[in-house]
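Shown below: upload.tsv, with TSV, C-alpha atoms.
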```tsv
chain	number	residue	atom	x	y	z
A	1095	MET	CA	-60.23	-37.22	31.12
A	1096	LYS	CA	-62.94	-39.66	30.08
A	1097	ARG	CA	-61.39	-42.43	32.18
A	1098	ALA	CA	-61.12	-40.17	35.21
A	1099	PHE	CA	-64.78	-39.20	34.87
A	1100	LEU	CA	-65.91	-42.80	34.59
A	1101	ALA	CA	-63.77	-43.86	37.53
A	1102	ALA	CA	-65.22	-41.03	39.60
A	1103	ALA	CA	-68.75	-41.97	38.50
A	1104	LEU	CA	-68.27	-45.61	39.45
A	1105	LEU	CA	-66.69	-44.63	42.76
A	1106	GLY	CA	-69.55	-42.24	43.44
A	1107	ALA	CA	-72.05	-44.94	42.58
A	1108	SER	CA	-70.40	-47.33	45.00
A	1109	PHE	CA	-70.51	-44.74	47.81
A	1110	SER	CA	-74.17	-43.97	47.12
A	1111	ALA	CA	-75.21	-47.63	46.99
A	1112	HIS	CA	-77.52	-48.46	49.82
A	1113	ALA	CA	-78.04	-52.14	50.47
A	1114	VAL	CA	-80.73	-52.71	53.01
A	1115	ALA	CA	-78.86	-54.23	55.92
A	1116	PRO	CA	-76.34	-56.65	54.46
A	1117	GLY	CA	-76.37	-59.52	56.90
A	1118	GLY	CA	-79.53	-58.17	58.52
A	1119	PRO	CA	-80.59	-54.98	60.28
A	1120	GLY	CA	-78.61	-55.71	63.46
A	1121	CYS	CA	-75.54	-57.36	61.98
A	1122	GLY	CA	-72.17	-56.81	63.65
A	1123	TRP	CA	-70.71	-55.26	66.76
A	1124	GLY	CA	-70.97	-51.77	65.26
A	1125	ASN	CA	-74.74	-52.11	65.22
A	1126	LEU	CA	-74.68	-53.45	68.79
A	1127	ILE	CA	-72.50	-50.62	70.09
A	1128	PHE	CA	-74.52	-47.86	68.39
A	1129	GLU	CA	-77.96	-49.48	68.68
A	1130	GLY	CA	-80.78	-46.93	68.68
A	1131	LYS	CA	-78.62	-44.10	67.37
A	1132	SER	CA	-79.16	-42.46	63.97
A	1133	GLY	CA	-77.41	-40.10	61.62
A	1134	ALA	CA	-74.58	-40.35	59.13
A	1135	PRO	CA	-71.69	-40.11	61.66
A	1136	VAL	CA	-73.07	-42.98	63.77
A	1137	HIS	CA	-73.70	-45.15	60.69
A	1138	LEU	CA	-70.17	-44.45	59.52
A	1139	LEU	CA	-68.73	-45.39	62.90
A	1140	ALA	CA	-70.77	-48.62	62.99
A	1141	THR	CA	-69.54	-49.47	59.49
A	1142	ILE	CA	-65.94	-48.79	60.51
A	1143	VAL	CA	-66.28	-51.02	63.59
A	1144	ASN	CA	-67.83	-53.82	61.53
A	1145	GLY	CA	-65.31	-53.45	58.71
A	1146	THR	CA	-62.11	-53.15	60.68
A	1147	SER	CA	-62.86	-56.03	63.03
A	1148	GLY	CA	-64.35	-58.31	60.36
A	1149	ASN	CA	-67.10	-59.33	62.78
A	1150	ALA	CA	-69.96	-58.66	60.37
A	1151	THR	CA	-68.31	-60.86	57.74
A	1152	PHE	CA	-67.76	-63.56	60.35
A	1153	GLY	CA	-71.34	-63.15	61.53
A	1154	MET	CA	-72.75	-63.51	58.02
A	1155	THR	CA	-70.78	-66.69	57.36
A	1156	SER	CA	-71.47	-68.23	60.76
A	1157	GLY	CA	-74.98	-66.91	61.44
A	1158	THR	CA	-73.87	-65.11	64.62
A	1159	ASN	CA	-73.52	-61.46	65.74
A	1160	GLY	CA	-77.15	-60.76	64.81
A	1161	CYS	CA	-76.45	-61.50	61.15
A	1162	ASP	CA	-78.89	-63.21	58.80
A	1163	THR	CA	-78.28	-63.51	55.06
A	1164	SER	CA	-81.66	-64.98	54.11
A	1165	GLY	CA	-83.21	-61.62	53.18
A	1166	ALA	CA	-82.87	-60.04	49.75
A	1167	LEU	CA	-80.70	-56.97	49.36
A	1168	THR	CA	-82.25	-53.89	47.83
A	1169	TYR	CA	-80.78	-50.79	46.25
A	1170	SER	CA	-82.31	-47.34	46.53
A	1171	GLY	CA	-79.57	-45.20	45.02
A	1172	GLU	CA	-79.39	-43.73	41.55
A	1173	SER	CA	-78.46	-45.69	38.48
A	1174	LEU	CA	-75.00	-45.16	37.04
A	1175	LEU	CA	-76.77	-43.96	33.88
A	1176	SER	CA	-78.56	-41.13	35.67
A	1177	MET	CA	-75.31	-39.48	36.69
A	1178	ASN	CA	-74.57	-36.30	34.79
A	1179	GLY	CA	-73.11	-37.00	31.34
A	1180	VAL	CA	-72.85	-40.78	31.66
A	1181	LEU	CA	-76.02	-41.51	29.65
A	1182	GLU	CA	-74.70	-39.54	26.69
A	1183	GLU	CA	-71.35	-41.34	26.78
A	1184	VAL	CA	-73.06	-44.74	27.01
A	1185	ALA	CA	-75.24	-43.80	24.03
A	1186	GLN	CA	-72.18	-42.84	21.99
A	1187	ASP	CA	-70.41	-46.08	22.89
A	1188	MET	CA	-73.50	-48.19	22.13
A	1189	ALA	CA	-73.78	-46.53	18.75
A	1190	THR	CA	-70.24	-47.66	17.92
A	1191	GLY	CA	-70.40	-50.97	19.83
A	1192	GLU	CA	-67.43	-50.32	22.11
A	1193	GLY	CA	-65.93	-47.83	24.54
A	1194	GLU	CA	-65.09	-47.07	28.13
A	1195	ALA	CA	-68.60	-45.98	29.14
A	1196	LEU	CA	-70.08	-49.20	27.75
A	1197	THR	CA	-67.43	-51.21	29.60
A	1198	ALA	CA	-68.17	-49.32	32.83
A	1199	LEU	CA	-71.87	-50.09	32.39
A	1200	SER	CA	-71.22	-53.79	31.83
A	1201	VAL	CA	-68.94	-53.93	34.88
A	1202	SER	CA	-71.55	-52.18	37.05
A	1203	MET	CA	-74.12	-54.74	35.87
A	1204	GLY	CA	-71.88	-57.62	36.88
A	1205	ILE	CA	-71.33	-58.94	33.36
A	1206	SER	CA	-68.32	-61.24	33.27
A	1207	THR	CA	-65.30	-60.40	31.13
A	1208	GLU	CA	-65.97	-63.25	28.71
A	1209	ASP	CA	-69.52	-61.96	28.02
A	1210	ARG	CA	-68.70	-58.28	27.56
A	1211	THR	CA	-67.95	-58.47	23.84
A	1212	HIS	CA	-71.31	-60.16	23.32
A	1213	PHE	CA	-72.96	-57.50	25.53
A	1214	ASN	CA	-71.37	-54.69	23.50
A	1215	GLY	CA	-72.53	-56.23	20.23
A	1216	LEU	CA	-76.05	-56.81	21.53
A	1217	MET	CA	-76.32	-53.23	22.79
A	1218	HIS	CA	-75.07	-51.95	19.43
A	1219	ASP	CA	-77.51	-54.14	17.48
A	1220	HIS	CA	-80.46	-52.96	19.60
A	1221	PHE	CA	-79.45	-49.32	19.92
A	1222	ALA	CA	-82.71	-48.07	18.40
A	1223	ALA	CA	-84.77	-50.10	20.88
A	1224	ILE	CA	-82.68	-48.97	23.84
A	1225	PHE	CA	-82.70	-45.30	22.83
A	1226	PRO	CA	-86.11	-45.02	21.07
A	1227	HIS	CA	-86.22	-41.20	21.21
A	1228	GLN	CA	-83.85	-38.33	21.87
A	1229	ASP	CA	-85.13	-37.37	25.33
A	1230	VAL	CA	-85.20	-40.89	26.75
A	1231	SER	CA	-84.63	-41.05	30.52
A	1232	ALA	CA	-81.96	-43.11	32.29
A	1233	ALA	CA	-84.70	-45.26	33.85
A	1234	GLU	CA	-86.19	-46.00	30.42
A	1235	VAL	CA	-82.77	-46.86	29.01
A	1236	MET	CA	-82.14	-49.27	31.88
A	1237	GLN	CA	-85.55	-50.90	31.36
A	1238	ASN	CA	-84.82	-51.25	27.65
A	1239	ILE	CA	-81.37	-52.73	28.30
A	1240	THR	CA	-82.93	-55.22	30.72
A	1241	ALA	CA	-85.61	-56.17	28.18
A	1242	VAL	CA	-83.01	-56.74	25.46
A	1243	MET	CA	-80.83	-58.81	27.79
A	1244	GLN	CA	-83.78	-60.93	28.95
A	1245	GLN	CA	-84.37	-61.98	25.35
A	1246	ASP	CA	-80.75	-63.02	24.88
A	1247	GLN	CA	-79.84	-66.56	25.88
A	1248	LYS	CA	-76.30	-65.66	26.96
A	1249	LEU	CA	-77.11	-62.46	28.91
A	1250	ALA	CA	-80.46	-63.33	30.48
A	1251	LYS	CA	-78.66	-64.70	33.53
A	1252	TYR	CA	-77.52	-61.18	34.44
A	1253	VAL	CA	-81.02	-59.71	34.80
```

Could you show the structure in this file as structure tokens?
Amino acid sequence: MKRAFLAAALLGASFSAHAVAPGGPGCGWGNLIFEGKSGAPVHLLATIVNGTSGNATFGMTSGTNGCDTSGALTYSGESLLSMNGVLEEVAQDMATGEGEALTALSVSMGISTEDRTHFNGLMHDHFAAIFPHQDVSAAEVMQNITAVMQQDQKLAKYV
């Protein structure tokens, strides 16, 4: 059950991720075809056109189709930690230094497989700093994790 919940949480996080215009605001034929239109159905159709034809990927690698990869991507969705129940499971896993929720967190943060054991140990060692009080918010926890990782020579590259 725990694995199914974490898989659903990660899948939900990936669907709610909003990168600001990967490849640029007018990248791909889908954007060309539906230019000026708005709403979820039109965005979905533009994404399907770009994804099934591969033209946005081609445009990003070749600099054509209105694509430009020089801008920074941004994310305006919710953190994986703020999803219902995930913060508590991460806290339990950090307290023990291992577990599926902690692994899911490290994967979502892009931590490579070879650094995950170190990540788990570091999170366990700094549990009190990451969860300084009982009603800590997901945003505070993420800030605390980032602060701990920035001070670690091996994990600083991930933040």

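Of the listed residues (A:Val1235, A:Gly1120, A:Pro1226, A:Ser1200), A:Gly1120 comes nearest to Thr1163 in chain A; the distances count only C-alpha atoms.
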
| Counting all atoms listed in the file, which of A:Phe1213, A:Phe1128, A:Trp1123, A:Phe1152 gets nearest to Leu1249 in chain A? |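 The shortest atom-to-atom distance to Leu1249 in chain A comes from A:Phe1213.
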
| Distance query Glu1234 in chain A at most 10 Å, all atoms listed in the file, self and fewer than 6 positions along chain excluded, as number ranges by chain | A: 1224-1226, 1240

| message | From the options A:Gly1204, A:Gly1193, A:Gly1122, A:Gly1179, which residue's atoms come nearest to Ala1150 in chain A, counting only C-alpha atoms? | response |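 Of the candidates, the smallest distance to Ala1150 in chain A is held by A:Gly1122.
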
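Put simply, CA of Tyr1252 in chain A is 7.4 Å away from CA of Met1203 in chain A.
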
| field | Nearest-residue call for Asp1229 in chain A, choices A:Ala1134, A:Cys1121, A:Leu1126, A:Ala1185, using all atoms listed in the file | value |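 Of A:Ala1134, A:Cys1121, A:Leu1126, A:Ala1185, the one nearest Asp1229 in chain A is A:Ala1185, counting all atoms listed in the file.
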
| query | Please, what distance in Å, to one decimal, runs between CA of Cys1161 in chain A and CA of Gly1130 in chain A? | reply | 17.0 Å
